[in-house]
file my_file_35.txt (compact mmCIF, C-alpha atoms)
# COMPACT_ATOMS: atom_id res chain seq x y z
CA ASN H 261 109.09 84.64 83.10
CA ARG H 262 112.31 83.47 84.68
CA ASP H 263 114.61 85.91 86.37
CA GLY H 264 118.21 85.39 87.55
CA GLY H 265 121.93 85.64 87.10
CA PHE H 266 124.27 84.02 84.63
CA LEU H 267 127.78 84.53 83.38
CA GLY H 268 127.60 85.39 79.70
CA HIS H 269 130.17 84.71 77.00
CA ILE H 270 130.71 87.11 74.13
CA VAL H 271 134.09 87.79 72.49
CA HIS H 272 135.73 85.21 74.75
CA ASN H 273 135.72 87.28 77.93
CA TRP H 274 133.33 86.25 80.68
CA LYS H 275 131.00 88.84 82.19
CA VAL H 276 128.33 88.69 84.85
CA ARG H 277 124.92 89.44 83.38
CA TRP H 278 121.39 89.39 84.79
CA PHE H 279 119.03 87.38 82.58
CA ILE H 280 115.25 87.49 82.29
CA LEU H 281 113.35 84.95 80.20
CA ARG H 282 110.32 86.54 78.55
CA GLN H 283 108.22 84.37 76.22
CA ASN H 284 110.48 83.88 73.17
CA THR H 285 113.31 86.21 74.24
CA LEU H 286 116.17 86.01 76.73
CA VAL H 287 116.95 89.60 77.78
CA TYR H 288 120.18 90.39 79.63
CA TYR H 289 121.35 93.36 81.69
CA LYS H 290 124.62 94.64 83.12
CA LEU H 291 124.95 94.54 86.91
CA GLU H 292 126.29 97.45 88.94
CA GLY H 293 126.41 97.35 92.72
CA GLY H 294 124.24 94.23 92.69
CA ARG H 295 121.47 95.98 90.71
CA ARG H 296 120.58 95.52 87.08
CA VAL H 297 121.21 98.46 84.78
CA THR H 298 118.47 99.39 82.31
CA PRO H 299 117.90 99.38 79.40
CA PRO H 300 118.96 95.77 78.64
CA LYS H 301 122.46 95.15 77.30
CA GLY H 302 121.08 92.75 74.72
CA ARG H 303 118.60 90.02 73.90
CA ILE H 304 118.64 86.53 72.45
CA LEU H 305 115.65 85.61 70.28
CA LEU H 306 114.76 81.99 71.03
CA ASP H 307 112.65 81.27 67.92
CA GLY H 308 114.58 78.63 65.96
CA CYS H 309 117.33 78.40 68.62
CA THR H 310 119.09 75.14 69.49
CA ILE H 311 120.19 74.49 73.08
CA THR H 312 123.04 72.23 74.25
CA CYS H 313 123.12 71.30 77.95
CA PRO H 314 125.41 70.20 79.38
CA CYS H 315 127.84 71.90 77.00
CA LEU H 316 131.31 70.34 77.18
CA GLU H 317 133.26 72.72 74.95
CA TYR H 318 135.15 74.26 77.91
CA GLU H 319 136.79 71.58 80.08
CA ASN H 320 137.10 73.77 83.16
CA ARG H 321 133.50 75.06 82.96
CA PRO H 322 131.07 72.17 83.57
CA LEU H 323 128.02 74.40 84.22
CA LEU H 324 127.57 75.76 80.70
CA ILE H 325 124.53 76.07 78.46
CA LYS H 326 125.15 76.77 74.77
CA LEU H 327 122.54 78.57 72.66
CA LYS H 328 122.83 78.78 68.88
CA THR H 329 120.41 81.23 67.26
CA GLN H 330 118.71 81.00 63.86
CA THR H 331 121.44 83.32 62.52
CA SER H 332 124.15 80.92 63.89
CA THR H 333 125.28 83.29 66.67
CA GLU H 334 126.56 81.23 69.61
CA TYR H 335 126.09 82.19 73.26
CA PHE H 336 127.75 80.37 76.15
CA LEU H 337 126.02 80.88 79.50
CA GLU H 338 127.43 79.66 82.79
CA ALA H 339 125.26 79.06 85.85
CA CYS H 340 126.27 79.04 89.53
CA SER H 341 125.23 75.45 90.23
CA ARG H 342 124.08 72.30 88.46
CA GLU H 343 120.52 72.79 89.76
CA GLU H 344 120.47 76.37 88.48
CA ARG H 345 121.86 75.30 85.09
CA ASP H 346 119.28 72.52 84.69
CA ALA H 347 116.39 74.76 85.80
CA TRP H 348 117.37 77.41 83.23
CA ALA H 349 117.84 74.80 80.49
CA PHE H 350 114.36 73.43 81.25
CA GLU H 351 112.73 76.89 81.08
CA ILE H 352 114.61 77.95 77.93
CA THR H 353 113.76 74.68 76.16
CA GLY H 354 110.08 75.28 76.98
CA ALA H 355 110.30 78.82 75.57
CA ILE H 356 111.93 77.56 72.34
CA HIS H 357 109.20 74.96 71.78
CA ALA H 358 106.38 77.38 72.64
CA GLY H 359 106.94 79.42 69.46
CA GLN H 360 104.84 77.19 67.21
CA PRO H 361 102.77 79.12 64.62
CA GLY H 362 99.98 76.52 64.66
CA LYS H 363 99.43 77.08 68.37
CA VAL H 364 99.28 80.84 67.87
CA GLN H 365 96.58 80.38 65.21
CA GLN H 366 94.69 78.16 67.63
CA LEU H 367 94.83 80.86 70.30
CA HIS H 368 93.77 83.62 67.92
CA SER H 369 90.74 81.69 66.67
CA LEU H 370 89.74 81.18 70.31
CA ARG H 371 90.39 84.84 71.09
CA ASN H 372 88.49 86.15 68.07
CA SER H 373 85.36 84.27 69.10
CA PHE H 374 85.28 86.26 72.37
CA LYS H 375 85.22 90.05 72.57
CA LEU H 376 85.03 92.19 75.71
CA PRO H 377 82.10 94.64 75.66
CA PRO H 378 83.44 98.07 74.56
CA HIS H 379 82.64 99.73 77.93
CA ILE H 380 84.67 97.18 79.92
CA SER H 381 88.48 97.20 79.94
CA LEU H 382 90.88 94.65 81.42
CA HIS H 383 91.86 97.34 83.95
CA ARG H 384 88.26 97.56 85.16
CA ILE H 385 88.06 93.76 85.61
CA VAL H 386 91.34 93.74 87.57
CA ASP H 387 90.11 96.65 89.73
CA LYS H 388 87.01 94.64 90.58
CA MET H 389 89.11 91.52 91.26
CA HIS H 390 91.03 93.56 93.87
CA ASP H 391 87.87 94.82 95.60
CA SER H 392 88.05 93.79 99.27
CA ASN H 393 84.31 92.93 99.46
CA THR H 394 83.34 91.54 96.07
CA GLY H 395 86.75 90.65 94.57
CA ILE H 396 88.49 87.32 94.26
CA ARG H 397 89.85 86.05 97.58
CA SER H 398 93.58 85.39 97.78
CA SER H 399 94.71 82.94 100.47
CA PRO H 400 97.56 80.50 101.21
CA ASN H 401 97.23 77.34 99.08
CA MET H 402 99.18 74.08 99.24
CA GLU H 403 100.57 72.29 96.20
CA GLN H 404 102.86 69.24 96.35
CA GLY H 405 103.95 70.05 99.91
CA SER H 406 104.68 73.75 99.27
CA THR H 407 102.56 76.64 100.55
CA TYR H 408 101.98 79.60 98.21
CA LYS H 409 100.72 82.77 99.89
CA LYS H 410 98.11 85.10 98.37
CA THR H 411 96.99 82.77 95.59
CA PHE H 412 93.67 81.64 94.10
CA LEU H 413 92.55 78.61 92.10
CA GLY H 414 92.11 78.67 88.35
CA SER H 415 88.57 77.27 88.70
CA SER H 416 87.71 79.94 91.34
CA LEU H 417 88.66 82.74 88.92
CA VAL H 418 86.53 81.17 86.17
CA ASP H 419 83.57 80.96 88.64
CA TRP H 420 84.15 84.61 89.65
CA LEU H 421 84.27 85.92 86.04
CA ILE H 422 80.98 84.15 85.24
CA SER H 423 79.21 85.20 88.47
CA ASN H 424 80.21 88.84 87.79
CA SER H 425 78.78 88.59 84.24
CA PHE H 426 82.09 89.32 82.50
CA THR H 427 81.68 86.09 80.51
CA ALA H 428 78.81 83.77 79.65
CA SER H 429 80.64 80.41 79.63
CA ARG H 430 83.63 78.68 81.16
CA LEU H 431 85.41 78.65 77.77
CA GLU H 432 84.99 82.44 77.50
CA ALA H 433 86.22 82.85 81.09
CA VAL H 434 89.35 80.79 80.34
CA THR H 435 89.98 82.97 77.25
CA LEU H 436 89.56 86.16 79.31
CA ALA H 437 91.84 84.81 82.07
CA SER H 438 94.46 84.00 79.40
CA MET H 439 94.19 87.60 78.17
CA LEU H 440 94.75 88.87 81.73
CA MET H 441 97.86 86.66 81.95
CA GLU H 442 99.17 87.73 78.54
CA GLU H 443 98.83 91.40 79.57
CA ASN H 444 100.73 90.66 82.83
CA PHE H 445 97.86 91.24 85.28
CA LEU H 446 98.01 87.63 86.52
CA ARG H 447 100.81 85.13 86.78
CA PRO H 448 100.95 81.37 87.34
CA VAL H 449 102.33 80.00 90.61
CA GLY H 450 103.44 76.45 91.34
CA VAL H 451 104.03 73.30 89.33
CA ARG H 452 100.60 72.76 87.73
CA SER H 453 99.98 76.23 86.27
CA MET H 454 103.65 76.79 85.33
CA GLY H 455 103.59 73.43 83.54
CA ALA H 456 100.68 74.60 81.37
CA ILE H 457 102.68 77.65 80.27
CA ARG H 458 105.71 75.47 79.43
CA SER H 459 103.66 72.91 77.49
CA GLY H 460 103.47 75.45 74.65
CA ASP H 461 99.74 74.89 74.09
CA LEU H 462 98.72 78.54 73.94
CA ALA H 463 95.02 77.68 73.86
CA GLU H 464 95.39 76.13 77.32
CA GLN H 465 97.69 78.66 78.98
CA PHE H 466 95.15 79.23 81.78
CA LEU H 467 93.75 76.16 83.54
CA ASP H 468 90.13 75.95 84.74
CA ASP H 469 91.32 73.62 87.46
CA SER H 470 91.13 73.38 91.26
CA THR H 471 94.81 72.34 91.48
CA ALA H 472 96.26 75.20 89.34
CA LEU H 473 97.32 78.28 91.35
CA TYR H 474 97.53 81.92 90.22
CA THR H 475 98.30 85.26 91.82
CA PHE H 476 98.13 88.95 90.93
CA ALA H 477 101.21 90.20 89.10
CA GLU H 478 103.14 92.87 91.02
CA SER H 479 102.78 95.17 88.01
CA TYR H 480 99.19 96.00 89.03
CA LYS H 481 98.77 99.66 89.97
CA LYS H 482 95.50 100.91 91.43
CA LYS H 483 96.14 104.60 90.95
CA ILE H 484 94.75 105.12 87.45
CA SER H 485 92.26 107.92 86.98
CA PRO H 486 88.94 106.75 85.46
CA LYS H 487 89.28 109.39 82.72
CA GLU H 488 92.73 108.12 81.72
CA GLU H 489 91.53 104.52 81.81
CA ILE H 490 88.57 105.16 79.52
CA SER H 491 90.55 107.26 77.05
CA LEU H 492 93.43 104.80 76.72
CA SER H 493 92.55 101.29 77.85
CA THR H 494 88.98 100.81 76.72
CA VAL H 495 89.49 101.64 73.08
CA GLU H 496 93.20 101.38 72.26
CA LEU H 497 94.04 98.36 74.42
CA SER H 498 90.88 96.36 73.68
CA GLY H 499 92.21 94.86 70.43
CA THR H 500 93.57 91.34 69.97
CA VAL H 501 97.34 91.06 70.48
CA VAL H 502 98.78 90.01 67.11
CA LYS H 503 102.51 90.29 67.83
CA GLN H 504 104.82 91.45 70.61
CA GLY H 505 108.55 91.63 71.19
CA TYR H 506 111.52 93.80 72.08
CA LEU H 507 112.73 96.45 69.62
CA ALA H 508 114.87 99.59 69.94
CA LYS H 509 113.17 102.93 69.32
CA GLN H 510 114.67 106.36 68.70
CA GLY H 511 113.31 109.09 70.99
CA HIS H 512 111.61 112.10 69.39
CA LYS H 513 113.31 114.79 71.48
CA ARG H 514 116.79 113.57 72.47
CA LYS H 515 117.12 111.10 69.57
CA ASN H 516 118.56 108.44 71.91
CA TRP H 517 117.80 104.74 71.38
CA LYS H 518 115.96 102.71 74.02
CA VAL H 519 114.75 99.12 74.16
CA ARG H 520 110.97 98.92 74.39
CA ARG H 521 108.49 96.05 74.48
CA PHE H 522 106.25 96.61 71.45
CA VAL H 523 102.71 95.20 71.34
CA LEU H 524 100.77 95.15 68.06
CA ARG H 525 96.98 94.91 68.34
CA LYS H 526 94.19 94.68 65.78
CA ASP H 527 90.50 95.73 65.95
CA PRO H 528 91.40 98.54 66.56
CA ALA H 529 94.89 98.58 64.99
CA PHE H 530 97.40 100.14 67.40
CA LEU H 531 101.11 99.78 68.09
CA HIS H 532 102.00 100.45 71.75
CA TYR H 533 105.39 100.37 73.45
CA TYR H 534 106.24 99.71 77.09
CA ASP H 535 109.33 100.45 79.20
CA PRO H 536 110.66 97.00 80.26
CA SER H 537 112.41 98.52 83.30
CA LYS H 538 109.10 99.73 84.77
CA GLU H 539 106.84 97.41 86.75
CA GLU H 540 103.51 98.96 85.77
CA ASN H 541 101.70 97.52 82.81
CA ARG H 542 100.91 100.85 81.07
CA PRO H 543 102.28 101.81 77.65
CA VAL H 544 104.72 104.74 77.62
CA GLY H 545 103.48 105.55 74.12
CA GLY H 546 101.61 104.29 71.10
CA PHE H 547 99.78 105.27 67.93
CA SER H 548 96.94 104.24 65.63
CA LEU H 549 98.05 102.37 62.51
CA ARG H 550 95.10 103.51 60.40
CA GLY H 551 96.51 105.38 57.39
CA SER H 552 100.12 104.73 58.48
CA LEU H 553 103.03 103.88 56.18
CA VAL H 554 105.75 101.39 57.14
CA SER H 555 109.00 100.70 55.27
CA ALA H 556 112.47 99.20 55.73
CA LEU H 557 115.44 101.59 55.76
CA GLU H 558 118.66 100.90 53.88
CA ASP H 559 121.38 99.11 55.86
CA ASN H 560 124.28 100.89 54.11
CA GLY H 561 124.99 104.19 55.90
CA VAL H 562 122.85 106.07 58.42
CA PRO H 563 119.49 107.16 56.96
CA THR H 564 118.28 110.77 57.23
CA GLY H 565 116.55 111.45 60.54
CA VAL H 566 118.46 108.69 62.35
CA LYS H 567 121.05 109.58 65.00
CA GLY H 568 123.58 107.57 66.99
CA ASN H 569 125.41 104.30 66.57
CA VAL H 570 122.94 102.29 64.51
CA GLN H 571 123.60 98.65 63.61
CA GLY H 572 121.16 98.30 60.69
CA ASN H 573 117.85 96.38 60.58
CA LEU H 574 115.93 99.67 60.77
CA PHE H 575 112.39 100.44 59.72
CA LYS H 576 110.21 103.53 59.84
CA VAL H 577 106.53 104.06 60.59
CA ILE H 578 104.92 107.34 59.47
CA THR H 579 101.55 107.93 61.11
CA LYS H 580 98.53 109.60 59.53
CA ASP H 581 99.49 112.89 61.30
CA ASP H 582 103.02 112.64 59.81
CA THR H 583 104.88 111.63 62.99
CA HIS H 584 107.99 109.57 62.12
CA TYR H 585 108.98 106.61 64.31
CA TYR H 586 112.42 105.01 63.76
CA ILE H 587 112.60 101.44 65.05
CA GLN H 588 115.41 98.87 65.06
CA ALA H 589 115.01 95.09 65.04
CA SER H 590 117.72 92.62 66.04
CA SER H 591 117.85 90.90 62.64
CA LYS H 592 116.64 91.28 59.04
CA ALA H 593 114.19 88.42 59.57
CA GLU H 594 112.71 90.06 62.66
CA ARG H 595 112.41 93.39 60.82
CA ALA H 596 110.63 91.69 57.89
CA GLU H 597 108.17 89.98 60.29
CA TRP H 598 107.28 93.26 62.02
CA ILE H 599 106.87 95.16 58.72
CA GLU H 600 104.61 92.44 57.32
CA ALA H 601 102.50 92.32 60.51
CA ILE H 602 102.11 96.14 60.63
CA LYS H 603 101.31 96.42 56.88
CA LYS H 604 98.35 94.07 57.30
CA LEU H 605 96.80 96.54 59.76
CA THR H 606 97.46 99.86 57.97

call {"tool": "encode", "arguments": {"input": "my_file_35.txt", "output": "structure tokens"}}
result
Amino acid sequence: NRDGGFLGHIVHNWKVRWFILRQNTLVYYKLEGGRRVTPPKGRILLDGCTITCPCLEYENRPLLIKLKTQTSTEYFLEACSREERDAWAFEITGAIHAGQPGKVQQLHSLRNSFKLPPHISLHRIVDKMHDSNTGIRSSPNMEQGSTYKKTFLGSSLVDWLISNSFTASRLEAVTLASMLMEENFLRPVGVRSMGAIRSGDLAEQFLDDSTALYTFAESYKKKISPKEEISLSTVELSGTVVKQGYLAKQGHKRKNWKVRRFVLRKDPAFLHYYDPSKEENRPVGGFSLRGSLVSALEDNGVPTGVKGNVQGNLFKVITKDDTHYYIQASSKAERAEWIEAIKKLT
């Protein structure tokens, strides 16, 4: 993830926006009183994007990056300094190249060969990692002349997972550590581990290495009742992540639209959604896909059951208990991808 400010260009007027880079999406927010306003103002899908940096289309603006999406929408983004511009361009380029289907297949084959025992959830592992007596020790670590506080080595985490019998081999431990990173329990720190993320090789996102540094993500919350953890995490959240991304969802009560991070899992098949403005890594909702129906909604006119200013690209999921979920993608292509992915699991 990269987090920071940019000036954004849409309809030829320049506005200050706060940008966050998340996997294959650049999400941007309005700023009010120096704070970002949620939900996000918009998002730029980076799959199939082209990036131009430096962009010389505006003579008096030398710090521009130009992004052109798969649907030929152009975004001009202006940074505060040359260093900032180049750092963002580097991160965005890495995110664009990371979206390679072959790599995803490689990761899934690795993932599918390793399954957590049904009685153990990722939350339970992270709880144990935080234990002051038997957990993993965080300490200051040096890398290339910089000191990173409260970090641990990739190889130390692999040793810890094996010694605590969560995995039987180093390969399994690397897979489990990658799962903890993908679910935002851990994050990479420093040049070596960040470089692995940017390389785009999803099978080697986590490094079993004594020079790669990691830390706990701030999203970790200890206050989860054991009952809640077992009912939600162990079963529903134990499946393999098949697809994730940002979509708008209509609320059931007030019928207002909000941007949510959707995560699609299989074995068992569930679709969960998270509030991107909240730090904790707990879904705000979700449902089983067994016996569900999913279909695209017509783009001409507002379909029955849909309220508000809707820009098309809608689809609907009807669960087995006849609950209707109205969801909006950012493009026809994105909608088609989600429908196809969900259909495979219904």

call {"tool": "closest_residue", "arguments": {"input": "my_file_35.txt", "among": "H:Gly545, H:Gly551, H:Leu497, H:Pro563", "to": "Asp527 of chain H", "atoms": "all atoms listed in the file"}}
result
H:Leu497

call {"tool": "closest_residue", "arguments": {"input": "my_file_35.txt", "among": "H:Ile380, H:Ala508, H:Ala355, H:Leu286", "to": "Tyr335 of chain H", "atoms": "all atoms listed in the file"}}
result
H:Leu286

call {"tool": "closest_residue", "arguments": {"input": "my_file_35.txt", "among": "H:Ile602, H:Val276, H:Ile578, H:Cys309", "to": "Arg296 of chain H", "atoms": "only C-alpha atoms"}}
result
H:Val276

call {"tool": "closest_residue", "arguments": {"input": "my_file_35.txt", "among": "H:Thr579, H:Asn573, H:Ser332, H:Thr427", "to": "Leu507 of chain H", "atoms": "all atoms listed in the file"}}
result
H:Asn573

call {"tool": "residues_near_point", "arguments": {"input": "my_file_35.txt", "point": "(88.5, 79.6, 79.8)", "cutoff": "10 Å", "atoms": "all atoms listed in the file", "output": "PDB file with C-alpha atoms, in the frame of the given file"}}
result
ATOM      1  CA  LEU H 370      89.740  81.180  70.310  1.00  0.00           C
ATOM      2  CA  GLY H 414      92.110  78.670  88.350  1.00  0.00           C
ATOM      3  CA  SER H 415      88.570  77.270  88.700  1.00  0.00           C
ATOM      4  CA  LEU H 417      88.660  82.740  88.920  1.00  0.00           C
ATOM      5  CA  VAL H 418      86.530  81.170  86.170  1.00  0.00           C
ATOM      6  CA  LEU H 421      84.270  85.920  86.040  1.00  0.00           C
ATOM      7  CA  THR H 427      81.680  86.090  80.510  1.00  0.00           C
ATOM      8  CA  SER H 429      80.640  80.410  79.630  1.00  0.00           C
ATOM      9  CA  ARG H 430      83.630  78.680  81.160  1.00  0.00           C
ATOM     10  CA  LEU H 431      85.410  78.650  77.770  1.00  0.00           C
ATOM     11  CA  GLU H 432      84.990  82.440  77.500  1.00  0.00           C
ATOM     12  CA  ALA H 433      86.220  82.850  81.090  1.00  0.00           C
ATOM     13  CA  VAL H 434      89.350  80.790  80.340  1.00  0.00           C
ATOM     14  CA  THR H 435      89.980  82.970  77.250  1.00  0.00           C
ATOM     15  CA  LEU H 436      89.560  86.160  79.310  1.00  0.00           C
ATOM     16  CA  ALA H 437      91.840  84.810  82.070  1.00  0.00           C
ATOM     17  CA  SER H 438      94.460  84.000  79.400  1.00  0.00           C
ATOM     18  CA  MET H 439      94.190  87.600  78.170  1.00  0.00           C
ATOM     19  CA  ALA H 463      95.020  77.680  73.860  1.00  0.00           C
ATOM     20  CA  GLU H 464      95.390  76.130  77.320  1.00  0.00           C
ATOM     21  CA  GLN H 465      97.690  78.660  78.980  1.00  0.00           C
ATOM     22  CA  PHE H 466      95.150  79.230  81.780  1.00  0.00           C
ATOM     23  CA  LEU H 467      93.750  76.160  83.540  1.00  0.00           C
ATOM     24  CA  ASP H 468      90.130  75.950  84.740  1.00  0.00           C
TER      25      ASP H 468
END

call {"tool": "atom_distance", "arguments": {"input": "my_file_35.txt", "atom1": "atom CA of Tyr506 of chain H", "atom2": "atom CA of Ile385 of chain H"}}
result
27.1 Å

call {"tool": "atom_distance", "arguments": {"input": "my_file_35.txt", "atom1": "atom CA of Pro299 of chain H", "atom2": "atom CA of Val502 of chain H"}}
result
24.6 Å

call {"tool": "atom_distance", "arguments": {"input": "my_file_35.txt", "atom1": "atom CA of Cys340 of chain H", "atom2": "atom CA of Leu324 of chain H"}}
result
9.5 Å

call {"tool": "closest_residue", "arguments": {"input": "my_file_35.txt", "among": "H:Arg277, H:Lys301, H:Lys580, H:Arg595", "to": "Gly505 of chain H", "atoms": "all atoms listed in the file"}}
result
H:Arg595

call {"tool": "residues_near_point", "arguments": {"input": "my_file_35.txt", "point": "(99.3, 82.1, 94.3)", "cutoff": "8 Å", "atoms": "all atoms listed in the file", "output": "ChimeraX atom specification"}}
result
/H:398-401,408-413,448-450,473-476

call {"tool": "closest_residue", "arguments": {"input": "my_file_35.txt", "among": "H:Lys604, H:Ala593, H:Ser453, H:Val523", "to": "Arg550 of chain H", "atoms": "all atoms listed in the file"}}
result
H:Lys604

call {"tool": "axis_aligned_box", "arguments": {"input": "my_file_35.txt", "around": "segment 513-526 of chain H", "padding_each_side": "3 Å", "output": "lines of an AutoDock Vina configuration file"}}
result
center_x = 106.4
center_y = 104.7
center_z = 70.1
size_x = 30.4
size_y = 26.1
size_z = 14.7

call {"tool": "residues_around", "arguments": {"input": "my_file_35.txt", "residues": "Asn284 of chain H", "least_positions_apart": "5", "cutoff": "10 Å", "atoms": "all atoms listed in the file", "output": "ChimeraX atom specification"}}
result
/H:304-309,352,354-359,504-505

call {"tool": "write_last_selection", "arguments": {"input": "my_file_35.txt", "atoms": "C-alpha atoms", "output": "PDB file, in the coordinates of the input"}}
result
ATOM      1  CA  ILE H 304     118.640  86.530  72.450  1.00  0.00           C
ATOM      2  CA  LEU H 305     115.650  85.610  70.280  1.00  0.00           C
ATOM      3  CA  LEU H 306     114.760  81.990  71.030  1.00  0.00           C
ATOM      4  CA  ASP H 307     112.650  81.270  67.920  1.00  0.00           C
ATOM      5  CA  GLY H 308     114.580  78.630  65.960  1.00  0.00           C
ATOM      6  CA  CYS H 309     117.330  78.400  68.620  1.00  0.00           C
ATOM      7  CA  ILE H 352     114.610  77.950  77.930  1.00  0.00           C
ATOM      8  CA  GLY H 354     110.080  75.280  76.980  1.00  0.00           C
ATOM      9  CA  ALA H 355     110.300  78.820  75.570  1.00  0.00           C
ATOM     10  CA  ILE H 356     111.930  77.560  72.340  1.00  0.00           C
ATOM     11  CA  HIS H 357     109.200  74.960  71.780  1.00  0.00           C
ATOM     12  CA  ALA H 358     106.380  77.380  72.640  1.00  0.00           C
ATOM     13  CA  GLY H 359     106.940  79.420  69.460  1.00  0.00           C
ATOM     14  CA  GLN H 504     104.820  91.450  70.610  1.00  0.00           C
ATOM     15  CA  GLY H 505     108.550  91.630  71.190  1.00  0.00           C
TER      16      GLY H 505
END

call {"tool": "decode", "arguments": {"input": "my_file_35.txt", "residues": "segment 293-315 of chain H", "atoms": "N, CA and C atoms", "output": "tab-separated table (two decimals), in the first residue's frame"}}
result
chain	number	residue	atom	x	y	z
H	293	GLY	N	-10.28	19.99	5.88
H	293	GLY	CA	-9.58	20.29	7.12
H	293	GLY	C	-8.37	19.40	7.34
H	294	GLY	N	-7.70	19.03	6.24
H	294	GLY	CA	-6.50	18.20	6.33
H	294	GLY	C	-6.78	16.72	6.56
H	295	ARG	N	-8.07	16.33	6.61
H	295	ARG	CA	-8.41	14.91	6.82
H	295	ARG	C	-9.14	14.36	5.60
H	296	ARG	N	-8.92	13.08	5.33
H	296	ARG	CA	-9.60	12.51	4.16
H	296	ARG	C	-11.05	12.19	4.51
H	297	VAL	N	-11.91	12.41	3.52
H	297	VAL	CA	-13.34	12.20	3.70
H	297	VAL	C	-13.70	10.85	3.10
H	298	THR	N	-14.38	10.01	3.90
H	298	THR	CA	-14.80	8.70	3.38
H	298	THR	C	-16.29	8.75	3.07
H	299	PRO	N	-16.81	7.92	2.17
H	299	PRO	CA	-16.08	6.93	1.38
H	299	PRO	C	-15.25	7.60	0.28
H	300	PRO	N	-14.43	6.80	-0.44
H	300	PRO	CA	-13.57	7.40	-1.48
H	300	PRO	C	-14.38	8.14	-2.54
H	301	LYS	N	-13.75	9.15	-3.12
H	301	LYS	CA	-14.36	9.94	-4.19
H	301	LYS	C	-14.36	9.14	-5.50
H	302	GLY	N	-13.36	8.28	-5.65
H	302	GLY	CA	-13.29	7.48	-6.87
H	302	GLY	C	-12.14	6.50	-6.81
H	303	ARG	N	-11.98	5.72	-7.88
H	303	ARG	CA	-10.88	4.78	-7.93
H	303	ARG	C	-10.45	4.57	-9.37
H	304	ILE	N	-9.17	4.29	-9.53
H	304	ILE	CA	-8.61	4.04	-10.86
H	304	ILE	C	-8.12	2.60	-10.87
H	305	LEU	N	-8.73	1.77	-11.71
H	305	LEU	CA	-8.29	0.37	-11.81
H	305	LEU	C	-7.01	0.33	-12.65
H	306	LEU	N	-5.97	-0.30	-12.12
H	306	LEU	CA	-4.66	-0.25	-12.77
H	306	LEU	C	-4.43	-1.40	-13.76
H	307	ASP	N	-5.30	-2.43	-13.73
H	307	ASP	CA	-5.14	-3.53	-14.69
H	307	ASP	C	-5.22	-2.99	-16.11
H	308	GLY	N	-4.19	-3.22	-16.90
H	308	GLY	CA	-4.20	-2.76	-18.30
H	308	GLY	C	-3.93	-1.29	-18.48
H	309	CYS	N	-3.56	-0.58	-17.40
H	309	CYS	CA	-3.26	0.86	-17.48
H	309	CYS	C	-1.90	1.09	-18.15
H	310	THR	N	-1.74	2.27	-18.77
H	310	THR	CA	-0.40	2.69	-19.19
H	310	THR	C	-0.05	3.94	-18.39
H	311	ILE	N	1.23	4.07	-18.04
H	311	ILE	CA	1.68	5.21	-17.23
H	311	ILE	C	2.73	5.99	-18.01
H	312	THR	N	2.63	7.32	-17.99
H	312	THR	CA	3.63	8.20	-18.62
H	312	THR	C	4.21	9.10	-17.54
H	313	CYS	N	5.52	8.99	-17.32
H	313	CYS	CA	6.19	9.83	-16.33
H	313	CYS	C	7.65	10.01	-16.74
H	314	PRO	N	8.13	11.23	-16.88
H	314	PRO	CA	7.37	12.47	-16.70
H	314	PRO	C	6.41	12.69	-17.87
H	315	CYS	N	5.29	13.34	-17.56
H	315	CYS	CA	4.30	13.69	-18.59
H	315	CYS	C	4.49	15.17	-18.93
